[in-house]
$ cat query13.csv   # CSV, C-alpha atoms
chain,number,residue,atom,x,y,z
G,295,MET,CA,49.0,-147.3,189.9
G,296,SER,CA,52.4,-147.2,188.4
G,297,GLN,CA,55.5,-147.7,190.5
G,298,LEU,CA,56.8,-144.5,189.1
G,299,TRP,CA,54.2,-142.7,191.1
G,300,GLN,CA,56.2,-143.6,194.2
G,301,ALA,CA,58.9,-141.1,193.2
G,302,ARG,CA,59.9,-138.5,195.7
G,303,PHE,CA,62.9,-136.1,195.9
G,304,PHE,CA,66.0,-137.8,197.3
G,305,THR,CA,69.0,-135.5,196.9
G,306,THR,CA,70.6,-133.0,194.6
G,307,VAL,CA,74.3,-132.7,193.7
G,308,ASN,CA,76.5,-130.3,191.7
G,309,HIS,CA,79.7,-132.4,191.6
G,310,LEU,CA,80.4,-136.0,190.8
G,311,ARG,CA,82.1,-136.5,194.1
G,312,ASP,CA,78.8,-135.9,195.8
G,313,LEU,CA,76.8,-138.6,193.9
G,314,PRO,CA,74.9,-141.0,196.2
G,315,THR,CA,76.7,-144.2,197.3
G,316,THR,CA,73.5,-146.3,196.7
G,317,GLN,CA,73.9,-149.3,194.5
G,318,VAL,CA,70.4,-149.5,193.0
G,319,PRO,CA,69.8,-149.0,189.3
G,320,GLU,CA,69.7,-145.4,188.1
G,321,ILE,CA,67.6,-144.3,185.1
G,322,ALA,CA,68.8,-140.9,184.0
G,323,PHE,CA,66.7,-138.4,182.0
G,324,ALA,CA,68.6,-136.0,179.7
G,325,GLY,CA,67.4,-133.5,177.2
G,326,ARG,CA,67.8,-130.1,175.6
G,327,SER,CA,66.4,-127.2,177.4
G,328,ASN,CA,62.7,-126.7,176.4
G,329,ALA,CA,62.4,-130.3,175.1
G,330,GLY,CA,59.8,-131.0,177.8
G,331,LYS,CA,62.0,-133.1,180.1
G,332,SER,CA,60.5,-131.8,183.4
G,333,THR,CA,57.0,-132.2,182.1
G,334,ALA,CA,57.6,-135.7,181.0
G,335,ILE,CA,59.0,-136.7,184.4
G,336,ASN,CA,56.2,-135.1,186.2
G,337,VAL,CA,53.5,-136.7,184.1
G,338,LEU,CA,55.1,-140.2,184.3
G,339,CYS,CA,55.4,-139.9,188.0
G,340,ASN,CA,51.9,-138.3,188.3
G,341,GLN,CA,53.1,-135.4,190.4
G,342,LYS,CA,52.9,-131.7,189.5
G,343,LYS,CA,56.2,-130.4,190.7
G,344,LEU,CA,58.5,-133.3,191.2
G,345,ALA,CA,61.0,-132.2,188.5
G,346,PHE,CA,61.7,-128.5,188.6
G,347,ALA,CA,61.5,-126.5,185.4
G,348,SER,CA,63.4,-123.3,185.8
G,349,LYS,CA,61.8,-120.1,184.5
G,350,THR,CA,65.0,-119.5,182.7
G,351,PRO,CA,65.7,-122.7,180.8
G,352,GLY,CA,69.2,-124.0,181.2
G,353,ARG,CA,69.8,-122.4,184.5
G,354,THR,CA,69.2,-125.5,186.6
G,355,GLN,CA,72.7,-127.0,186.6
G,356,HIS,CA,72.3,-129.7,189.3
G,357,ILE,CA,71.7,-133.4,189.1
G,358,ASN,CA,68.5,-134.2,191.0
G,359,TYR,CA,67.7,-137.7,192.3
G,360,PHE,CA,64.2,-139.1,192.9
G,361,SER,CA,63.8,-142.4,194.8
G,362,ILE,CA,61.4,-145.2,194.0
G,363,GLY,CA,60.5,-147.2,197.1
G,364,GLY,CA,61.6,-146.6,200.7
G,365,ALA,CA,58.9,-144.1,201.5
G,366,HIS,CA,55.3,-143.1,200.9
G,367,VAL,CA,54.5,-141.5,197.6
G,368,ALA,CA,53.4,-138.0,198.3
G,369,GLN,CA,56.0,-135.2,198.5
G,370,HIS,CA,54.1,-133.6,201.4
G,371,ARG,CA,54.7,-136.7,203.6
G,372,LYS,CA,57.3,-136.1,206.3
G,373,ASP,CA,58.3,-139.7,206.8
G,374,GLU,CA,62.0,-140.3,206.2
G,375,THR,CA,63.1,-142.2,203.1
G,376,LYS,CA,64.5,-145.6,204.1
G,377,VAL,CA,67.6,-145.8,201.9
G,378,ASP,CA,68.0,-149.5,202.2
G,379,GLU,CA,64.5,-150.0,200.8
G,380,ILE,CA,65.0,-147.9,197.7
G,381,ARG,CA,64.6,-150.0,194.6
G,382,ALA,CA,65.7,-147.6,191.9
G,383,LEU,CA,66.6,-143.9,191.4
G,384,LEU,CA,65.3,-141.6,188.7
G,385,VAL,CA,68.0,-139.0,187.8
G,386,ASP,CA,67.1,-135.6,186.3
G,387,LEU,CA,70.2,-134.3,184.5
G,388,PRO,CA,70.6,-130.6,183.8
G,389,GLY,CA,69.0,-129.4,180.6
G,390,TYR,CA,71.5,-128.3,177.9
G,391,GLY,CA,71.7,-126.1,174.9
G,392,TYR,CA,70.2,-122.8,176.1
G,393,ALA,CA,71.9,-119.9,174.4
G,394,GLU,CA,72.1,-117.6,177.4
G,395,VAL,CA,74.0,-120.0,179.6
G,396,SER,CA,77.6,-118.7,180.2
G,397,GLY,CA,80.6,-120.4,178.8
G,398,SER,CA,81.7,-121.5,182.3
G,399,ALA,CA,78.3,-123.1,182.9
G,400,LYS,CA,78.4,-124.9,179.6
G,401,LEU,CA,81.9,-126.2,180.5
G,402,HIS,CA,80.5,-127.4,183.8
G,403,TRP,CA,77.6,-129.1,182.0
G,404,GLN,CA,80.0,-130.9,179.7
G,405,GLU,CA,82.1,-132.2,182.5
G,406,LEU,CA,79.3,-133.1,184.8
G,407,LEU,CA,77.0,-134.8,182.2
G,408,GLY,CA,79.8,-136.3,180.1
G,409,ASP,CA,81.5,-137.9,183.1
G,410,TYR,CA,78.2,-139.1,184.6
G,411,VAL,CA,76.8,-140.8,181.5
G,412,ARG,CA,80.2,-142.4,180.6
G,413,ARG,CA,81.4,-143.5,184.0
G,414,ARG,CA,78.6,-143.9,186.5
G,415,GLU,CA,78.4,-147.7,187.2
G,416,GLN,CA,75.0,-147.5,188.7
G,417,LEU,CA,73.5,-145.9,185.6
G,418,ALA,CA,71.3,-148.7,184.1
G,419,ALA,CA,69.9,-146.7,181.2
G,420,LEU,CA,69.5,-143.3,179.7
G,421,VAL,CA,66.2,-141.7,178.7
G,422,MET,CA,66.6,-138.9,176.3
G,423,ILE,CA,63.8,-136.4,175.8
G,424,ILE,CA,63.9,-135.1,172.3
G,425,ASP,CA,61.6,-132.5,170.8
G,426,SER,CA,59.9,-134.4,168.0
G,427,ARG,CA,59.9,-131.2,165.8
G,428,ARG,CA,63.7,-130.8,166.1
G,429,PRO,CA,65.1,-134.3,166.5
G,430,PHE,CA,68.8,-134.9,167.3
G,431,THR,CA,70.4,-131.5,167.4
G,432,GLU,CA,74.2,-131.2,167.7
G,433,LEU,CA,74.1,-131.4,171.5
G,434,ASP,CA,71.7,-134.3,171.4
G,435,ILE,CA,74.2,-136.2,169.2
G,436,GLN,CA,77.0,-135.3,171.6
G,437,MET,CA,75.0,-136.9,174.4
G,438,VAL,CA,74.5,-140.1,172.3
G,439,GLU,CA,78.2,-140.1,171.4
G,440,TRP,CA,79.1,-139.9,175.1
G,441,PHE,CA,76.7,-142.7,176.1
G,442,ALA,CA,76.9,-145.2,173.2
G,443,PRO,CA,80.3,-146.7,174.2
G,444,THR,CA,78.9,-147.9,177.5
G,445,GLY,CA,76.7,-150.4,175.6
G,446,LYS,CA,73.8,-149.7,177.9
G,447,PRO,CA,70.2,-149.2,176.8
G,448,MET,CA,68.9,-145.8,175.7
G,449,HIS,CA,65.2,-144.9,175.2
G,450,CYS,CA,64.4,-141.7,173.2
G,451,ILE,CA,61.1,-140.0,174.0
G,452,LEU,CA,60.0,-137.8,171.1
G,453,SER,CA,58.1,-135.2,173.0
G,454,LYS,CA,55.4,-132.7,171.9
G,455,ALA,CA,54.1,-135.2,169.3
G,456,ASP,CA,50.7,-133.4,169.5
G,457,LYS,CA,52.3,-130.6,167.5
G,458,LEU,CA,52.8,-132.9,164.5
G,459,ASN,CA,50.3,-134.3,162.1
G,460,ARG,CA,50.1,-138.0,161.6
G,461,ASN,CA,52.5,-138.2,158.7
G,462,GLU,CA,55.0,-135.9,160.4
G,463,ALA,CA,54.9,-137.9,163.6
G,464,THR,CA,55.4,-141.2,161.6
G,465,ASN,CA,58.4,-139.7,159.8
G,466,ALA,CA,59.9,-138.3,163.0
G,467,LEU,CA,59.7,-141.7,164.6
G,468,ARG,CA,61.1,-143.4,161.6
G,469,GLN,CA,64.0,-140.9,161.3
G,470,ALA,CA,64.8,-141.3,165.0
G,471,GLU,CA,64.9,-145.1,164.7
G,472,THR,CA,67.1,-145.0,161.6
G,473,PHE,CA,69.5,-142.6,163.4
G,474,LEU,CA,69.7,-144.8,166.5
G,475,ALA,CA,70.1,-148.0,164.4
G,476,SER,CA,73.3,-146.4,162.9
G,477,TYR,CA,75.1,-147.0,166.3
G,478,VAL,CA,76.6,-150.5,166.3
G,479,ASP,CA,79.2,-152.3,168.4
G,480,ALA,CA,82.5,-153.8,167.2
G,481,ASP,CA,80.7,-156.8,165.8
G,482,GLY,CA,78.2,-154.7,163.9
G,483,LYS,CA,75.3,-155.4,166.4
G,484,PRO,CA,73.0,-152.5,167.0
G,485,PHE,CA,73.1,-150.9,170.5
G,486,PRO,CA,69.9,-151.4,172.6
G,487,PHE,CA,68.5,-148.0,171.6
G,488,THR,CA,64.7,-147.5,171.2
G,489,ALA,CA,62.4,-144.6,170.5
G,490,GLN,CA,58.7,-143.6,170.8
G,491,LEU,CA,56.3,-140.7,170.3
G,492,PHE,CA,55.1,-138.9,173.4
G,493,SER,CA,52.7,-136.1,174.2
G,494,ALA,CA,52.0,-134.9,177.8
G,495,LEU,CA,49.2,-132.7,176.5
G,496,LYS,CA,47.4,-135.5,174.7
G,497,ARG,CA,48.7,-138.1,177.1
G,498,THR,CA,50.1,-140.1,174.2
G,499,GLY,CA,52.7,-142.7,174.8
G,500,ILE,CA,52.6,-142.5,178.6
G,501,ASP,CA,51.9,-146.2,179.1
G,502,GLU,CA,54.6,-147.2,176.6
G,503,ALA,CA,57.2,-144.9,178.3
G,504,ASN,CA,56.1,-146.1,181.8
G,505,ASP,CA,56.5,-149.8,180.9
G,506,LYS,CA,59.9,-149.2,179.2
G,507,ILE,CA,61.3,-147.3,182.2
G,508,LEU,CA,60.2,-149.9,184.6
G,509,GLU,CA,61.7,-152.6,182.4
G,510,LEU,CA,65.1,-150.7,182.2
G,511,ALA,CA,65.0,-150.2,186.0
G,512,GLY,CA,64.3,-153.9,186.6
G,513,LEU,CA,61.1,-153.1,188.4
G,514,THR,CA,58.7,-155.1,186.2
G,515,THR,CA,58.5,-158.0,188.6
G,516,GLU,CA,58.4,-156.0,191.8
G,517,ASP,CA,55.3,-155.8,193.9
G,518,ILE,CA,53.4,-152.6,193.5
G,519,ASP,CA,53.2,-150.5,196.7
G,520,HIS,CA,49.5,-150.0,197.1
G,521,ALA,CA,49.8,-146.6,198.7
G,522,ALA,CA,46.6,-144.6,198.9
G,523,ASP,CA,45.8,-142.9,195.6
G,524,ASP,CA,45.3,-139.6,197.3
G,525,ASP,CA,48.9,-139.6,198.4
G,526,ALA,CA,49.9,-138.9,194.8
G,527,GLY,CA,49.5,-135.5,193.3
G,528,ASP,CA,47.8,-135.2,189.9
G,529,ALA,CA,50.2,-134.6,187.0
G,530,THR,CA,50.1,-131.5,185.0
G,531,PRO,CA,49.1,-132.4,181.4
G,532,GLY,CA,50.9,-129.5,179.8
G,533,GLU,CA,54.3,-129.3,178.0
G,534,ASP,CA,57.3,-127.1,178.7
G,535,LYS,CA,57.4,-124.3,176.2
$ encode --input "query13.csv" --output "structure tokens"
Amino acid sequence: MSQLWQARFFTTVNHLRDLPTTQVPEIAFAGRSNAGKSTAINVLCNQKKLAFASKTPGRTQHINYFSIGGAHVAQHRKDETKVDEIRALLVDLPGYGYAEVSGSAKLHWQELLGDYVRRREQLAALVMIIDSRRPFTELDIQMVEWFAPTGKPMHCILSKADKLNRNEATNALRQAETFLASYVDADGKPFPFTAQLFSALKRTGIDEANDKILELAGLTTEDIDHAADDDAGDATPGEDK
């Protein structure tokens, strides 16, 4: 049982001033609308509806927090989350890049996400969900540009890899790794950026992503909470469209 299965909804905010005052590591998930971010979070946390995928992609413009530790696993449990026992927070950032979002909403996205990834001290690492068929669009690159100066780790999950053949998947991963390696610090040392292939449909790369996220959150040496397996909902093995 992965420690990510302990995730449960903690809070939602729409302005930086309302961000939690907790001091535990935050692992933020970012991605273009329709890249499969909600699906990836739900599969990794083994819960069907933990992360909310709007019927109109790009309309969900809040930052949603999910706690690891401090409570029983299942969402239906009514026990209160013990904030002082939370070990890490997963942060679901608003999806970006959907054409029908208004100009004011896009401006709000830029301010909210840009300031969060650049200035949030508790942010330990960024997990970017990238459609493996359309890697690193203009807005994806904007996110990388915002985040890179922090020097913090970033892990890119190339989603929907089941839609590529073997050669295409290999090339997509190689191109992603080459792109990420182009980001270096003042001394020419590459930033701690990594990438992997992932498919919720074929359940490819789940263990790799799980282990990496736990490592980034500093949870690899924590004792696993042996909550009953039936407290966790089954993950939905499909992808966002």
$ closest_residue --input "query13.csv" --among "G:Leu420, G:Met437, G:Ile357, G:Val478" --to "Leu310 (chain G)" --atoms "only C-alpha atoms"
G:Ile357
$ residues_around --input "query13.csv" --residues "region 379-382 of chain G" --least-positions-apart "3" --cutoff "10 Å" --atoms "all atoms listed in the file" --output "number ranges by chain"
G: 298, 301, 316-321, 360-365, 375-376, 385, 416, 418, 508, 511-513, 516
$ closest_residue --input "query13.csv" --among "G:Arg497, G:Arg412, G:Lys506, G:Lys331" --to "Ala442 (chain G)" --atoms "all atoms listed in the file"
G:Arg412
$ atom_distance --input "query13.csv" --atom1 "CA of Leu491 (chain G)" --atom2 "CA of Ser453 (chain G)"
6.4 Å
$ atom_distance --input "query13.csv" --atom1 "CA of Lys483 (chain G)" --atom2 "CA of Glu509 (chain G)"
21.2 Å
$ residues_near_point --input "query13.csv" --point "(62.6, -125.9, 172.5)" --cutoff "7 Å" --atoms "all atoms listed in the file" --output "PyMOL selection string"
chain G and resi 327-329+425+535
$ write_last_selection --input "query13.csv" --atoms "C-alpha atoms" --output "PDB file, in the coordinates of the input"
ATOM      1  CA  SER G 327      66.400-127.200 177.400  1.00  0.00           C
ATOM      2  CA  ASN G 328      62.700-126.700 176.400  1.00  0.00           C
ATOM      3  CA  ALA G 329      62.400-130.300 175.100  1.00  0.00           C
ATOM      4  CA  ASP G 425      61.600-132.500 170.800  1.00  0.00           C
ATOM      5  CA  LYS G 535      57.400-124.300 176.200  1.00  0.00           C
TER       6      LYS G 535
END
$ atom_distance --input "query13.csv" --atom1 "CA of Asn336 (chain G)" --atom2 "CA of Leu458 (chain G)"
22.1 Å
$ residues_around --input "query13.csv" --residues "Phe430 (chain G)" --least-positions-apart "6" --cutoff "9 Å" --atoms "only C-alpha atoms" --output "PyMOL selection string"
chain G and resi 424+470+473
$ residues_around --input "query13.csv" --residues "Gly408 (chain G)" --least-positions-apart "2" --cutoff "12 Å" --atoms "all atoms listed in the file" --output "ChimeraX atom specification"
/G:310,324,387-388,390,400-406,410-414,433,436-444
$ build_atoms --input "query13.csv" --residues "region 430-450 of chain G" --atoms "N, CA and C atoms" --output "compact mmCIF listing (two decimals), in the coordinates of the input"
# COMPACT_ATOMS: atom_id res chain seq x y z
N PHE G 430 67.34 -134.66 167.36
CA PHE G 430 68.80 -134.90 167.30
C PHE G 430 69.58 -133.67 166.83
N THR G 431 69.56 -132.64 167.66
CA THR G 431 70.40 -131.50 167.40
C THR G 431 71.86 -131.88 167.69
N GLU G 432 72.76 -130.96 167.45
CA GLU G 432 74.20 -131.20 167.70
C GLU G 432 74.48 -131.67 169.09
N LEU G 433 73.84 -131.02 170.06
CA LEU G 433 74.10 -131.40 171.50
C LEU G 433 73.44 -132.71 171.81
N ASP G 434 72.30 -133.03 171.20
CA ASP G 434 71.70 -134.30 171.40
C ASP G 434 72.64 -135.44 170.92
N ILE G 435 73.22 -135.20 169.76
CA ILE G 435 74.20 -136.20 169.20
C ILE G 435 75.38 -136.32 170.09
N GLN G 436 75.82 -135.19 170.67
CA GLN G 436 77.00 -135.30 171.60
C GLN G 436 76.65 -136.17 172.77
N MET G 437 75.43 -136.07 173.29
CA MET G 437 75.00 -136.90 174.40
C MET G 437 75.03 -138.40 173.99
N VAL G 438 74.50 -138.69 172.81
CA VAL G 438 74.50 -140.10 172.30
C VAL G 438 75.93 -140.57 172.15
N GLU G 439 76.81 -139.72 171.63
CA GLU G 439 78.20 -140.10 171.40
C GLU G 439 78.89 -140.41 172.76
N TRP G 440 78.58 -139.65 173.78
CA TRP G 440 79.10 -139.90 175.10
C TRP G 440 78.66 -141.25 175.65
N PHE G 441 77.37 -141.51 175.45
CA PHE G 441 76.70 -142.70 176.10
C PHE G 441 76.93 -143.97 175.35
N ALA G 442 76.94 -143.93 174.03
CA ALA G 442 76.90 -145.20 173.20
C ALA G 442 78.05 -146.15 173.60
N PRO G 443 79.29 -145.71 173.85
CA PRO G 443 80.30 -146.70 174.20
C PRO G 443 80.09 -147.51 175.41
N THR G 444 79.17 -147.09 176.27
CA THR G 444 78.90 -147.90 177.50
C THR G 444 78.14 -149.18 177.12
N GLY G 445 77.46 -149.19 175.96
CA GLY G 445 76.70 -150.40 175.60
C GLY G 445 75.40 -150.55 176.32
N LYS G 446 75.05 -149.58 177.15
CA LYS G 446 73.80 -149.70 177.90
C LYS G 446 72.61 -149.22 177.13
N PRO G 447 71.41 -149.59 177.56
CA PRO G 447 70.20 -149.20 176.80
C PRO G 447 69.93 -147.70 176.86
N MET G 448 69.34 -147.20 175.79
CA MET G 448 68.90 -145.80 175.70
C MET G 448 67.49 -145.81 175.11
N HIS G 449 66.59 -145.04 175.71
CA HIS G 449 65.20 -144.90 175.20
C HIS G 449 64.99 -143.44 174.89
N CYS G 450 64.63 -143.12 173.66
CA CYS G 450 64.40 -141.70 173.20
C CYS G 450 62.88 -141.46 173.21
